[in-house]
$ cat work.cif   # mmCIF, C-alpha atoms
data_work
loop_
_atom_site.label_atom_id
_atom_site.label_comp_id
_atom_site.auth_asym_id
_atom_site.auth_seq_id
_atom_site.Cartn_x
_atom_site.Cartn_y
_atom_site.Cartn_z
CA MET T 61 23.63 10.15 12.54
CA VAL T 62 24.60 6.48 12.61
CA LEU T 63 27.50 5.28 10.50
CA GLY T 64 28.45 1.68 10.00
CA ALA T 65 31.24 -0.01 11.88
CA GLY T 66 34.67 0.74 10.46
CA LEU T 67 33.52 3.79 8.48
CA SER T 68 33.90 7.09 10.25
CA MET T 69 32.61 10.41 8.98
CA THR T 70 36.15 11.74 8.90
CA MET T 71 37.22 8.94 6.54
CA VAL T 72 34.26 9.56 4.24
CA LEU T 73 34.73 13.29 4.02
CA SER T 74 38.46 13.15 3.53
CA ALA T 75 37.94 10.57 0.80
CA CYS T 76 35.76 12.84 -1.31
CA ALA T 77 36.98 16.30 -0.28
CA GLY T 78 40.64 15.59 0.38
CA GLY T 79 43.21 13.98 -1.84
CA GLY T 80 43.71 10.47 -3.13
CA GLU T 81 41.34 7.54 -3.33
CA SER T 82 38.02 7.14 -1.52
CA ALA T 83 37.15 4.23 0.75
CA ALA T 84 35.52 2.60 -2.27
CA GLY T 85 38.73 2.75 -4.28
CA ASP T 86 37.68 5.55 -6.63
CA THR T 87 39.45 8.73 -7.62
CA GLU T 88 38.86 12.00 -5.86
CA GLY T 89 35.30 13.35 -5.99
CA ASP T 90 33.94 16.90 -5.92
CA GLY T 91 32.07 16.75 -2.61
CA VAL T 92 28.63 16.94 -4.26
CA VAL T 93 26.32 13.92 -4.22
CA GLU T 94 23.52 14.21 -6.76
CA VAL T 95 20.41 12.21 -5.86
CA TRP T 96 17.27 11.31 -7.82
CA ALA T 97 14.12 10.14 -6.05
CA HIS T 98 10.50 9.66 -6.99
CA SER T 99 7.91 12.17 -5.88
CA GLY T 100 5.04 10.05 -4.63
CA GLN T 101 3.13 10.67 -1.42
CA ALA T 102 3.57 14.28 -0.30
CA ALA T 103 4.44 13.24 3.25
CA GLU T 104 7.09 10.82 1.99
CA ALA T 105 8.71 13.44 -0.24
CA GLU T 106 8.70 15.96 2.60
CA ALA T 107 10.36 13.46 4.92
CA LEU T 108 13.12 12.79 2.39
CA GLU T 109 13.69 16.50 1.83
CA ALA T 110 13.96 17.00 5.59
CA LEU T 111 16.48 14.16 5.87
CA VAL T 112 18.62 15.64 3.10
CA GLU T 113 18.53 19.00 4.83
CA GLN T 114 19.50 17.36 8.12
CA TYR T 115 22.39 15.53 6.49
CA ASN T 116 23.67 18.63 4.75
CA GLY T 117 23.47 20.59 7.98
CA SER T 118 25.43 17.97 9.91
CA GLN T 119 28.72 18.70 8.10
CA GLU T 120 30.25 21.09 5.57
CA ASP T 121 32.30 18.84 3.29
CA VAL T 122 29.58 17.00 1.37
CA SER T 123 26.48 18.52 -0.20
CA VAL T 124 23.58 16.29 -1.23
CA GLU T 125 21.55 17.76 -4.09
CA LEU T 126 18.11 16.14 -4.34
CA THR T 127 15.94 16.08 -7.46
CA LEU T 128 12.40 14.76 -7.14
CA ILE T 129 10.85 13.30 -10.29
CA PRO T 130 7.10 12.53 -10.57
CA GLU T 131 6.48 8.86 -9.85
CA ALA T 132 4.63 8.29 -13.13
CA ASP T 133 7.71 9.45 -15.08
CA TYR T 134 10.46 8.20 -12.80
CA THR T 135 11.34 4.78 -14.19
CA SER T 136 11.07 5.87 -17.81
CA THR T 137 13.35 8.83 -17.02
CA VAL T 138 16.04 6.54 -15.63
CA GLN T 139 15.63 4.16 -18.57
CA ALA T 140 16.06 7.02 -21.06
CA THR T 141 19.13 8.49 -19.35
CA ALA T 142 22.62 7.33 -20.30
CA ALA T 143 24.58 5.78 -17.43
CA GLU T 144 27.14 8.60 -17.43
CA ASP T 145 24.37 11.20 -17.13
CA LEU T 146 22.69 9.66 -14.11
CA PRO T 147 23.06 11.11 -10.62
CA ASP T 148 25.43 9.56 -8.07
CA VAL T 149 22.58 7.99 -6.10
CA MET T 150 19.18 7.01 -7.41
CA GLU T 151 16.01 5.49 -6.11
CA MET T 152 14.31 2.65 -7.96
CA ASP T 153 11.25 0.46 -7.62
CA ALA T 154 12.45 -2.98 -6.53
CA PRO T 155 11.44 -4.98 -9.65
CA THR T 156 13.38 -2.60 -11.92
CA MET T 157 16.70 -3.13 -10.15
CA ALA T 158 17.90 -6.06 -12.29
CA SER T 159 17.18 -4.24 -15.54
CA PHE T 160 19.28 -1.28 -14.37
CA VAL T 161 22.10 -3.66 -13.42
CA TYR T 162 21.91 -5.20 -16.90
CA ASP T 163 22.10 -1.72 -18.42
CA ARG T 164 25.15 -1.04 -16.21
CA LYS T 165 23.45 1.77 -14.35
CA LEU T 166 24.15 0.40 -10.87
CA VAL T 167 27.28 -0.71 -9.03
CA PRO T 168 27.53 -3.42 -6.33
CA LEU T 169 27.17 -1.93 -2.86
CA ASP T 170 29.65 -4.15 -1.03
CA GLY T 171 32.44 -1.81 0.02
CA VAL T 172 30.33 1.26 -0.83
CA VAL T 173 27.85 1.18 2.04
CA ALA T 174 28.80 0.02 5.51
CA GLN T 175 28.63 -3.68 6.31
CA GLU T 176 26.37 -2.80 9.23
CA THR T 177 23.85 -1.37 6.77
CA LEU T 178 23.88 -4.60 4.77
CA ASP T 179 23.71 -6.86 7.83
CA ASN T 180 20.78 -4.94 9.35
CA ARG T 181 18.36 -5.41 6.42
CA ILE T 182 15.14 -7.32 6.95
CA GLU T 183 14.82 -10.44 4.82
CA GLY T 184 12.41 -8.87 2.32
CA VAL T 185 14.75 -5.95 1.60
CA ARG T 186 17.69 -8.32 1.31
CA GLU T 187 15.82 -10.53 -1.16
CA SER T 188 14.65 -7.74 -3.46
CA GLY T 189 18.00 -5.91 -3.46
CA THR T 190 20.09 -8.91 -4.53
CA TYR T 191 20.81 -9.97 -8.11
CA GLN T 192 23.22 -12.73 -9.14
CA ASP T 193 24.41 -13.00 -5.54
CA GLN T 194 25.42 -9.34 -5.31
CA THR T 195 23.75 -6.46 -3.51
CA TYR T 196 22.80 -3.57 -5.77
CA ALA T 197 20.11 -1.88 -3.69
CA VAL T 198 19.18 -1.18 -0.09
CA GLY T 199 15.77 -0.05 1.11
CA MET T 200 14.63 2.12 3.98
CA PHE T 201 11.33 0.27 3.98
CA ASP T 202 9.35 -2.53 2.43
CA VAL T 203 5.66 -3.02 1.79
CA GLY T 204 3.04 -5.57 2.66
CA LEU T 205 -0.11 -6.67 0.88
CA GLY T 206 -3.15 -7.81 2.79
CA LEU T 207 -6.89 -8.05 3.07
CA TRP T 208 -8.47 -5.28 5.13
CA GLY T 209 -11.91 -5.63 6.67
CA ASN T 210 -14.61 -3.52 8.31
CA GLN T 211 -15.48 -5.31 11.56
CA GLN T 212 -19.03 -3.91 11.66
CA LEU T 213 -19.83 -5.34 8.23
CA LEU T 214 -18.06 -8.61 9.00
CA ASP T 215 -20.18 -8.97 12.13
CA ALA T 216 -23.34 -8.09 10.23
CA ALA T 217 -22.58 -10.87 7.76
CA GLY T 218 -21.60 -13.36 10.45
CA VAL T 219 -18.07 -13.69 9.04
CA ASP T 220 -15.07 -14.33 11.27
CA ALA T 221 -11.83 -12.61 10.31
CA PRO T 222 -8.63 -14.72 10.19
CA ALA T 223 -5.81 -13.22 12.24
CA THR T 224 -2.79 -15.26 11.15
CA ALA T 225 -1.46 -16.90 7.99
CA ASP T 226 -2.47 -20.31 9.29
CA GLU T 227 -6.07 -19.11 9.59
CA ALA T 228 -6.33 -17.64 6.07
CA TRP T 229 -9.60 -18.31 4.26
CA THR T 230 -9.54 -21.04 1.64
CA ALA T 231 -10.70 -20.20 -1.88
CA GLU T 232 -14.07 -21.76 -1.12
CA GLU T 233 -14.43 -19.83 2.13
CA PHE T 234 -13.43 -16.62 0.38
CA GLU T 235 -16.09 -17.09 -2.29
CA GLN T 236 -18.74 -17.84 0.33
CA ASN T 237 -17.74 -14.82 2.40
CA LEU T 238 -17.83 -12.51 -0.62
CA GLN T 239 -21.45 -13.51 -1.15
CA LYS T 240 -22.34 -12.89 2.49
CA LEU T 241 -20.47 -9.60 2.68
CA ALA T 242 -22.00 -8.31 -0.56
CA GLU T 243 -25.41 -8.71 1.04
CA ALA T 244 -24.25 -6.88 4.17
CA SER T 245 -22.43 -4.03 2.40
CA PRO T 246 -24.32 -0.81 1.55
CA SER T 247 -23.05 -0.83 -2.04
CA GLY T 248 -24.18 -4.40 -2.68
CA ASN T 249 -20.53 -5.28 -3.41
CA ALA T 250 -18.17 -7.00 -1.01
CA ILE T 251 -14.66 -5.92 -1.99
CA ASP T 252 -12.44 -3.37 -3.70
CA LEU T 253 -9.61 -5.08 -5.63
CA GLY T 254 -8.11 -1.84 -6.90
CA GLU T 255 -9.68 -2.06 -10.34
CA ALA T 256 -9.53 1.73 -10.62
CA ASN T 257 -5.70 1.55 -10.45
CA GLY T 258 -5.63 -0.44 -13.69
CA PHE T 259 -4.82 -4.15 -13.78
CA ALA T 260 -2.66 -3.60 -16.87
CA ALA T 261 -0.37 -1.39 -14.80
CA GLU T 262 2.10 -2.57 -12.14
CA TRP T 263 -0.78 -2.68 -9.68
CA GLY T 264 -2.12 -5.73 -11.48
CA THR T 265 1.11 -7.69 -11.29
CA PHE T 266 1.74 -6.75 -7.66
CA THR T 267 -1.72 -7.61 -6.39
CA THR T 268 -2.53 -10.73 -8.42
CA SER T 269 0.82 -12.54 -8.43
CA PRO T 270 0.09 -13.80 -4.88
CA ILE T 271 -2.96 -15.59 -6.29
CA LEU T 272 -0.73 -17.45 -8.75
CA TRP T 273 1.83 -18.32 -6.08
CA SER T 274 -0.87 -19.45 -3.67
CA ASN T 275 -2.25 -21.80 -6.31
CA GLY T 276 1.16 -23.35 -6.99
CA GLY T 277 2.08 -21.26 -10.05
CA THR T 278 4.45 -18.42 -10.83
CA LEU T 279 5.26 -15.90 -13.58
CA ILE T 280 8.49 -17.20 -15.12
CA ARG T 281 11.11 -19.81 -14.30
CA ASP T 282 14.69 -20.07 -15.61
CA GLY T 283 14.08 -17.20 -18.00
CA ALA T 284 11.09 -18.83 -19.68
CA ALA T 285 7.33 -18.24 -19.56
CA GLU T 286 6.01 -21.02 -21.83
CA GLY T 287 4.56 -23.78 -19.67
CA VAL T 288 5.00 -21.56 -16.60
CA LEU T 289 2.92 -18.40 -16.96
CA ASN T 290 0.31 -20.30 -18.98
CA SER T 291 0.34 -23.37 -16.72
CA ALA T 292 -2.83 -25.13 -15.59
CA GLU T 293 -2.26 -23.77 -12.07
CA ASN T 294 -2.19 -20.18 -13.32
CA VAL T 295 -5.19 -20.62 -15.59
CA GLU T 296 -7.15 -21.98 -12.66
CA ALA T 297 -5.98 -19.09 -10.46
CA MET T 298 -7.05 -16.52 -13.05
CA GLU T 299 -10.45 -18.17 -13.45
CA GLU T 300 -10.86 -17.91 -9.68
CA TRP T 301 -9.80 -14.25 -9.66
CA ALA T 302 -12.13 -13.33 -12.52
CA SER T 303 -15.05 -14.97 -10.71
CA TRP T 304 -14.73 -12.42 -7.91
CA LYS T 305 -15.76 -9.62 -10.27
CA GLU T 306 -19.40 -10.32 -9.48
CA HIS T 307 -18.85 -9.01 -5.94
CA THR T 308 -16.19 -6.37 -6.70
CA ASP T 309 -16.79 -2.63 -6.49
CA PRO T 310 -15.03 -0.64 -9.27
CA ASN T 311 -14.47 2.08 -6.64
CA THR T 312 -14.13 4.96 -9.07
CA SER T 313 -14.36 7.37 -6.13
CA GLY T 314 -11.41 5.75 -4.37
CA THR T 315 -13.25 5.80 -1.03
CA ALA T 316 -15.47 2.71 -1.10
CA PHE T 317 -13.77 0.97 1.80
CA PRO T 318 -13.05 3.89 4.18
CA ASP T 319 -16.57 5.21 3.55
CA GLY T 320 -18.01 1.84 4.63
CA ASP T 321 -19.53 1.01 1.24
CA VAL T 322 -17.70 -2.35 1.01
CA ALA T 323 -16.57 -4.74 3.71
CA LEU T 324 -13.17 -5.69 2.26
CA THR T 325 -10.30 -4.20 0.30
CA TRP T 326 -7.18 -5.86 -1.14
CA THR T 327 -4.32 -3.39 -0.78
CA GLY T 328 -1.12 -2.50 1.03
CA ASN T 329 0.15 -1.10 4.29
CA TRP T 330 0.39 2.44 2.92
CA MET T 331 -3.37 2.80 3.31
CA TYR T 332 -3.28 2.23 7.07
CA PRO T 333 -3.34 5.95 8.05
CA THR T 334 -6.42 6.58 5.90
CA PHE T 335 -8.19 3.39 6.93
CA SER T 336 -7.47 3.70 10.65
CA GLU T 337 -8.65 7.29 10.72
CA ALA T 338 -11.90 6.34 8.98
CA LEU T 339 -12.69 3.06 10.77
CA GLY T 340 -10.81 3.23 14.07
CA GLU T 341 -11.18 0.01 16.05
CA ASP T 342 -13.37 -1.49 13.32
CA LEU T 343 -10.34 -1.82 11.03
CA VAL T 344 -9.17 -5.43 10.68
CA LEU T 345 -6.06 -6.71 8.86
CA MET T 346 -6.19 -10.25 7.47
CA PRO T 347 -4.00 -12.51 5.31
CA LEU T 348 -4.89 -12.99 1.66
CA PRO T 349 -6.82 -16.20 0.87
CA ASP T 350 -5.01 -19.52 0.60
CA LEU T 351 -5.64 -21.30 -2.71
CA GLY T 352 -3.72 -24.39 -1.65
CA ASN T 353 -0.03 -23.49 -1.46
CA GLY T 354 -0.41 -21.24 1.56
CA THR T 355 -1.33 -17.56 1.75
CA LYS T 356 1.08 -15.40 -0.21
CA ALA T 357 1.74 -11.66 -0.44
CA GLY T 358 3.78 -9.44 -2.71
CA HIS T 359 6.56 -7.21 -1.45
CA GLY T 360 9.38 -5.07 -2.77
CA SER T 361 9.29 -1.27 -2.70
CA TRP T 362 11.48 1.73 -3.47
CA GLN T 363 15.18 1.17 -2.88
CA TRP T 364 18.44 3.07 -3.19
CA GLY T 365 21.46 2.35 -5.36
CA VAL T 366 24.71 3.98 -6.47
CA THR T 367 25.46 4.54 -10.16
CA PRO T 368 28.77 4.40 -12.04
CA ALA T 369 28.42 8.16 -12.48
CA ALA T 370 29.32 8.56 -8.79
CA GLY T 371 32.97 8.09 -9.69
CA GLY T 372 35.08 9.64 -6.96
CA ASP T 373 31.97 10.36 -4.90
CA GLN T 374 31.17 6.69 -4.28
CA ALA T 375 32.33 6.84 -0.67
CA ALA T 376 30.26 9.95 -0.02
CA ALA T 377 27.29 8.36 -1.75
CA GLY T 378 27.65 5.30 0.46
CA ALA T 379 27.86 7.42 3.60
CA PHE T 380 24.64 9.20 2.66
CA LEU T 381 22.91 5.85 2.20
CA ASP T 382 24.23 4.73 5.58
CA PHE T 383 22.64 7.84 7.06
CA LEU T 384 19.32 7.15 5.33
CA HIS T 385 19.33 3.61 6.73
CA SER T 386 19.94 4.58 10.33
CA ASP T 387 17.08 3.80 12.70
CA GLU T 388 16.46 7.52 13.23
CA SER T 389 16.13 8.24 9.50
CA ILE T 390 13.94 5.21 8.90
CA ALA T 391 11.69 6.15 11.81
CA ARG T 392 11.16 9.57 10.27
CA MET T 393 10.33 8.10 6.87
CA VAL T 394 7.95 5.36 8.04
CA GLU T 395 6.13 7.85 10.23
CA ALA T 396 5.33 9.64 6.98
CA ASN T 397 4.42 6.67 4.79
CA ALA T 398 3.43 3.92 7.28
CA ALA T 399 5.76 1.47 5.52
CA VAL T 400 7.43 -1.56 7.05
CA PRO T 401 10.82 -0.48 8.49
CA GLY T 402 13.59 -1.92 6.32
CA THR T 403 16.06 -2.79 9.08
CA THR T 404 15.73 -5.38 11.81
CA SER T 405 16.57 -2.89 14.55
CA ALA T 406 14.03 -0.31 13.36
CA LEU T 407 11.39 -3.00 12.90
CA GLU T 408 11.82 -4.33 16.43
CA GLY T 409 11.13 -0.87 17.84
CA SER T 410 8.14 -0.12 15.62
CA GLU T 411 4.82 0.49 17.36
CA LEU T 412 2.95 -0.47 14.18
CA TYR T 413 4.91 -3.52 13.04
CA GLY T 414 6.62 -4.75 16.20
CA ALA T 415 5.28 -7.46 18.50
CA GLY T 416 1.63 -6.78 19.29
CA GLY T 417 1.37 -3.91 16.80
CA PRO T 418 -1.69 -3.53 14.54
CA LEU T 419 0.37 -4.30 11.43
CA GLU T 420 2.49 -7.12 12.86
CA LEU T 421 1.08 -9.46 10.20
CA PHE T 422 3.04 -7.62 7.49
CA ALA T 423 6.30 -8.01 9.44
CA ASP T 424 5.59 -11.71 9.99
CA ASN T 425 5.01 -12.15 6.24
CA LEU T 426 8.31 -10.46 5.34
CA ALA T 427 10.22 -12.63 7.79
CA SER T 428 9.55 -15.57 5.46
CA ALA T 429 10.38 -13.92 2.14
CA CYS T 430 11.45 -15.92 -0.91
CA GLY T 431 12.04 -15.57 -4.63
CA SER T 432 9.30 -16.22 -7.17
CA GLU T 433 11.02 -19.25 -8.77
CA ASN T 434 10.95 -21.35 -5.61
CA VAL T 435 7.74 -20.56 -3.77
CA THR T 436 7.25 -22.99 -0.91
CA GLN T 437 4.23 -23.60 1.30
CA GLU T 438 6.02 -21.90 4.21
CA CYS T 439 7.11 -18.79 2.31
CA ILE T 440 4.60 -15.90 2.47
CA ALA T 441 6.18 -12.72 1.09
CA VAL T 442 7.34 -13.31 -2.49
CA ALA T 443 9.38 -10.93 -4.62
CA ARG T 444 8.35 -10.32 -8.20
CA PRO T 445 10.85 -11.87 -10.67
CA ILE T 446 14.30 -10.34 -10.30
CA THR T 447 15.33 -10.27 -13.94
CA PRO T 448 16.40 -7.62 -16.46
CA GLY T 449 13.41 -8.73 -18.52
CA TYR T 450 10.93 -7.77 -15.82
CA PRO T 451 9.48 -4.78 -17.73
CA THR T 452 8.32 -7.17 -20.47
CA VAL T 453 7.09 -9.73 -17.92
CA THR T 454 4.87 -7.24 -16.12
CA SER T 455 3.60 -5.46 -19.24
CA SER T 456 2.68 -8.75 -20.96
CA TYR T 457 1.09 -10.25 -17.88
CA GLY T 458 -0.69 -6.96 -17.13
CA GLY T 459 -2.20 -6.94 -20.60
CA ALA T 460 -3.49 -10.47 -19.99
CA LEU T 461 -4.98 -9.43 -16.65
CA ALA T 462 -6.89 -6.53 -18.15
CA ALA T 463 -8.29 -8.77 -20.88
CA ILE T 464 -9.24 -11.57 -18.47
CA TRP T 465 -11.00 -9.11 -16.17
CA GLY T 466 -12.89 -7.94 -19.23
CA GLY T 467 -14.12 -11.46 -19.94
CA ALA T 468 -11.42 -12.95 -22.18
CA ASP T 469 -10.36 -16.59 -21.89
CA PRO T 470 -7.53 -16.98 -19.30
CA GLN T 471 -5.75 -19.74 -21.20
CA GLU T 472 -5.64 -17.76 -24.44
CA GLU T 473 -4.46 -14.58 -22.74
CA LEU T 474 -1.75 -16.28 -20.69
CA ASP T 475 -0.60 -18.15 -23.80
CA ARG T 476 -0.28 -14.83 -25.62
CA ALA T 477 1.62 -13.23 -22.73
CA ALA T 478 3.98 -16.21 -22.44
CA ARG T 479 4.85 -15.99 -26.15
CA ALA T 480 5.59 -12.25 -25.85
CA ILE T 481 7.84 -12.75 -22.84
CA ASP T 482 9.78 -15.61 -24.40
CA ALA T 483 10.23 -13.68 -27.64
CA ASP T 484 11.69 -10.75 -25.71
CA PHE T 485 14.09 -13.00 -23.79
CA GLU T 486 15.17 -14.69 -27.03
CA ASP T 487 15.75 -11.33 -28.73
CA ASN T 488 17.95 -10.30 -25.82
CA ASN T 489 19.96 -13.53 -25.52
CA GLY T 490 18.22 -14.42 -22.29
CA TYR T 491 19.50 -11.17 -20.76
CA GLN T 492 22.87 -12.80 -20.23
CA ASP T 493 25.90 -10.54 -19.84
CA GLU T 494 27.88 -10.30 -23.03
#
$ encode --input "work.cif" --output "structure tokens"
Amino acid sequence: MVLGAGLSMTMVLSACAGGGESAAGDTEGDGVVEVWAHSGQAAEAEALEALVEQYNGSQEDVSVELTLIPEADYTSTVQATAAEDLPDVMEMDAPTMASFVYDRKLVPLDGVVAQETLDNRIEGVRESGTYQDQTYAVGMFDVGLGLWGNQQLLDAAGVDAPATADEAWTAEEFEQNLQKLAEASPSGNAIDLGEANGFAAEWGTFTTSPILWSNGGTLIRDGAAEGVLNSAENVEAMEEWASWKEHTDPNTSGTAFPDGDVALTWTGNWMYPTFSEALGEDLVLMPLPDLGNGTKAGHGSWQWGVTPAAGGDQAAAGAFLDFLHSDESIARMVEANAAVPGTTSALEGSELYGAGGPLELFADNLASACGSENVTQECIAVARPITPGYPTVTSSYGGALAAIWGGADPQEELDRAARAIDADFEDNNGYQDE
């Protein structure tokens, strides 16, 4: 177990099991740390359960009690639970963090987790865990989004794969290559864009936002969507995206790319184990296309926070999070889910994401992370808007995506989404603290 500098296990345990105040300045706790987490990939859940068991077996004063909630129900469960009824520690998908802060369901982590834990975060995790200049979440891992290719089909089509961000295909090159690869692919389609996951769901926002950013647009700015979401840049980007449908496989089986039916797929790092097993040395990772403002990629994954319900167990909750963010714990988790290690020290030692690793591109992208309101040419990994109003942003934009993919006019749909977002912000006083 690795604890941060200045925070010994003895201090933590005496703070929550002994008398007086904890290191976080709270009253005495009961020595039990209740934890909620999402139940997603089986291997990921098993790794977390093993880590909890390891932590509980390492000492006798604190007991971590883990509850796994199905991923499809997780966020709505937290939203429907009163702050005082939440567990001490909870997991959350990165874009939901700000809304939980607004609902007073998270506490700042400065003074709760060790400074070493905060200092060791990679830039992407730091960006997505910060709201109004305070840290509310820390993440064991982050995610990357990229374009995966089948080298055999690329060769058959005479298409060269870009290896770095600087070499990313332009929009014109991407369109030309889709045509060539469709002719070379057994299915007659070139790419899987994840249509089967539902563009109206979070998948749509996560995978298409980079197209907006790469074309010089974004989702919202300064709490407003009018003139931003429905900008000329975004309309143009959506017209470009919709034009790819001609060469897109709906992939209802979920296996079009690993089975070799299509040459390309637009998805994240979590698919690496499946893809590498199916394609071996023919698997190629490439940057997403550059529509003019540089190649861009989404990021932001599951993170950990402490709730006000922790009370006197805040110090114990922080110590558990320090344990989860040790290099040893992160190594165990990313071995299960193939995610990007969330700390600089773990990332440097990663065979997948470290220098020369097959997924180094994802680490390079996250090293230049930025927020969605100031997307520069140099920035590659961009966080979805960090705002309490994000649920409305993604649901409204997702509805527009589904309609546009179905043939609706991009300008009309983005106009409609912008009005819905602005109405929500107005109804909630711009999500300003009272």
$ residues_around --input "work.cif" --residues "T:Gly467" --least-positions-apart "2" --cutoff "12 Å" --atoms "all atoms listed in the file" --output "VMD selection string"
chain T and resid 298 to 299 301 to 303 305 to 306 460 to 465 469 to 473
$ closest_residue --input "work.cif" --among "T:Ala142, T:Ala427, T:Ala260, T:Pro147" --to "T:Arg186" --atoms "all atoms listed in the file"
T:Ala427
$ residues_around --input "work.cif" --residues "stretch 320-328 of chain T" --least-positions-apart "5" --cutoff "7 Å" --atoms "all atoms listed in the file" --output "short mmCIF file (atom, residue, chain, number, x, y, z; two decimals) with C-alpha atoms, in the frame of the given file"
data_model
loop_
_atom_site.label_atom_id
_atom_site.label_comp_id
_atom_site.auth_asym_id
_atom_site.auth_seq_id
_atom_site.Cartn_x
_atom_site.Cartn_y
_atom_site.Cartn_z
CA VAL T 203 5.66 -3.02 1.79
CA GLY T 204 3.04 -5.57 2.66
CA LEU T 205 -0.11 -6.67 0.88
CA GLY T 206 -3.15 -7.81 2.79
CA LEU T 207 -6.89 -8.05 3.07
CA TRP T 208 -8.47 -5.28 5.13
CA GLY T 209 -11.91 -5.63 6.67
CA ASN T 210 -14.61 -3.52 8.31
CA LEU T 213 -19.83 -5.34 8.23
CA LEU T 214 -18.06 -8.61 9.00
CA LEU T 241 -20.47 -9.60 2.68
CA SER T 245 -22.43 -4.03 2.40
CA PRO T 246 -24.32 -0.81 1.55
CA SER T 247 -23.05 -0.83 -2.04
CA ASN T 249 -20.53 -5.28 -3.41
CA ALA T 250 -18.17 -7.00 -1.01
CA ILE T 251 -14.66 -5.92 -1.99
CA ASP T 252 -12.44 -3.37 -3.70
CA LEU T 253 -9.61 -5.08 -5.63
#
$ axis_aligned_box --input "work.cif" --around "stretch 94-111 of chain T" --padding-each-side "5 Å" --output "lines of an AutoDock Vina configuration file"
center_x = 13.3
center_y = 13.3
center_z = -1.0
size_x = 30.4
size_y = 17.3
size_z = 23.7
$ closest_residue --input "work.cif" --among "T:Gln363, T:Gln236, T:Ser405, T:Asn353" --to "T:Thr195" --atoms "only C-alpha atoms"
T:Gln363
$ residues_around --input "work.cif" --residues "T:Asn257" --least-positions-apart "4" --cutoff "10 Å" --atoms "all atoms listed in the file" --output "ChimeraX atom specification"
/T:253,261-264,310-312,314
$ closest_residue --input "work.cif" --among "T:Glu433, T:Glu227, T:Asp487, T:Glu151" --to "T:Gly277" --atoms "only C-alpha atoms"
T:Glu433
$ closest_residue --input "work.cif" --among "T:Gln211, T:Ser410, T:Ser361, T:Gln374" --to "T:Glu388" --atoms "only C-alpha atoms"
T:Ser410
$ atom_distance --input "work.cif" --atom1 "atom CA of T:Met157" --atom2 "atom CA of T:Leu169"
12.8 Å
$ resolve_selection --input "work.cif" --expression "the PyMOL selection byres ((chain T and resi 223) around 6)" --output "PyMOL selection string"
chain T and resi 222+224+346
$ write_last_selection --input "work.cif" --atoms "C-alpha atoms" --output "PDB file, keeping the file's coordinate frame"
ATOM      1  CA  PRO T 222      -8.630 -14.720  10.190  1.00  0.00           C
ATOM      2  CA  THR T 224      -2.790 -15.260  11.150  1.00  0.00           C
ATOM      3  CA  MET T 346      -6.190 -10.250   7.470  1.00  0.00           C
TER       4      MET T 346
END
$ resolve_selection --input "work.cif" --expression "the PyMOL selection byres ((chain T and resi 194) around 12)" --output "list in words"
Met157, Ala158, Val161, Leu166, Val167, Pro168, Leu169, Asp170, Gly171, Leu178, Arg186, Glu187, Ser188, Gly189, Thr190, Tyr191, Gln192, Asp193, Thr195, Tyr196, Ala197 and Val198 of chain T
$ residues_around --input "work.cif" --residues "stretch 329-333 of chain T" --least-positions-apart "3" --cutoff "10 Å" --atoms "all atoms listed in the file" --output "ChimeraX atom specification"
/T:101,202-208,318,336-338,340,343,345,394-400,412,418-419,422
$ resolve_selection --input "work.cif" --expression "the PyMOL selection byres ((chain T and resi 111) around 10)" --output "ChimeraX atom specification"
/T:105-110,112-117,383-384,388-390,392-393
$ residues_near_point --input "work.cif" --point "(5.1, -8.9, -4.8)" --cutoff "10 Å" --atoms "only C-alpha atoms" --output "PyMOL selection string"
chain T and resi 154-155+188+203-205+263+265-270+356-361+431-432+441-445
$ closest_residue --input "work.cif" --among "T:Gly378, T:Thr278, T:Glu411, T:Thr355" --to "T:Val124" --atoms "all atoms listed in the file"
T:Gly378
$ closest_residue --input "work.cif" --among "T:Glu183, T:Glu176, T:Asp282, T:Asp350" --to "T:Ala231" --atoms "only C-alpha atoms"
T:Asp350
$ atom_distance --input "work.cif" --atom1 "atom CA of T:Thr315" --atom2 "atom CA of T:Gln212"
17.0 Å
$ atom_distance --input "work.cif" --atom1 "atom CA of T:Val288" --atom2 "atom CA of T:Arg476"
12.4 Å
$ residues_near_point --input "work.cif" --point "(11.0, -6.3, -18.7)" --cutoff "9 Å" --atoms "all atoms listed in the file" --output "ChimeraX atom specification"
/T:156,159,447-456,481,484-485
$ write_last_selection --input "work.cif" --atoms "C-alpha atoms" --output "tab-separated table (two decimals), in the frame of the given file"
chain	number	residue	atom	x	y	z
T	156	THR	CA	13.38	-2.60	-11.92
T	159	SER	CA	17.18	-4.24	-15.54
T	447	THR	CA	15.33	-10.27	-13.94
T	448	PRO	CA	16.40	-7.62	-16.46
T	449	GLY	CA	13.41	-8.73	-18.52
T	450	TYR	CA	10.93	-7.77	-15.82
T	451	PRO	CA	9.48	-4.78	-17.73
T	452	THR	CA	8.32	-7.17	-20.47
T	453	VAL	CA	7.09	-9.73	-17.92
T	454	THR	CA	4.87	-7.24	-16.12
T	455	SER	CA	3.60	-5.46	-19.24
T	456	SER	CA	2.68	-8.75	-20.96
T	481	ILE	CA	7.84	-12.75	-22.84
T	484	ASP	CA	11.69	-10.75	-25.71
T	485	PHE	CA	14.09	-13.00	-23.79
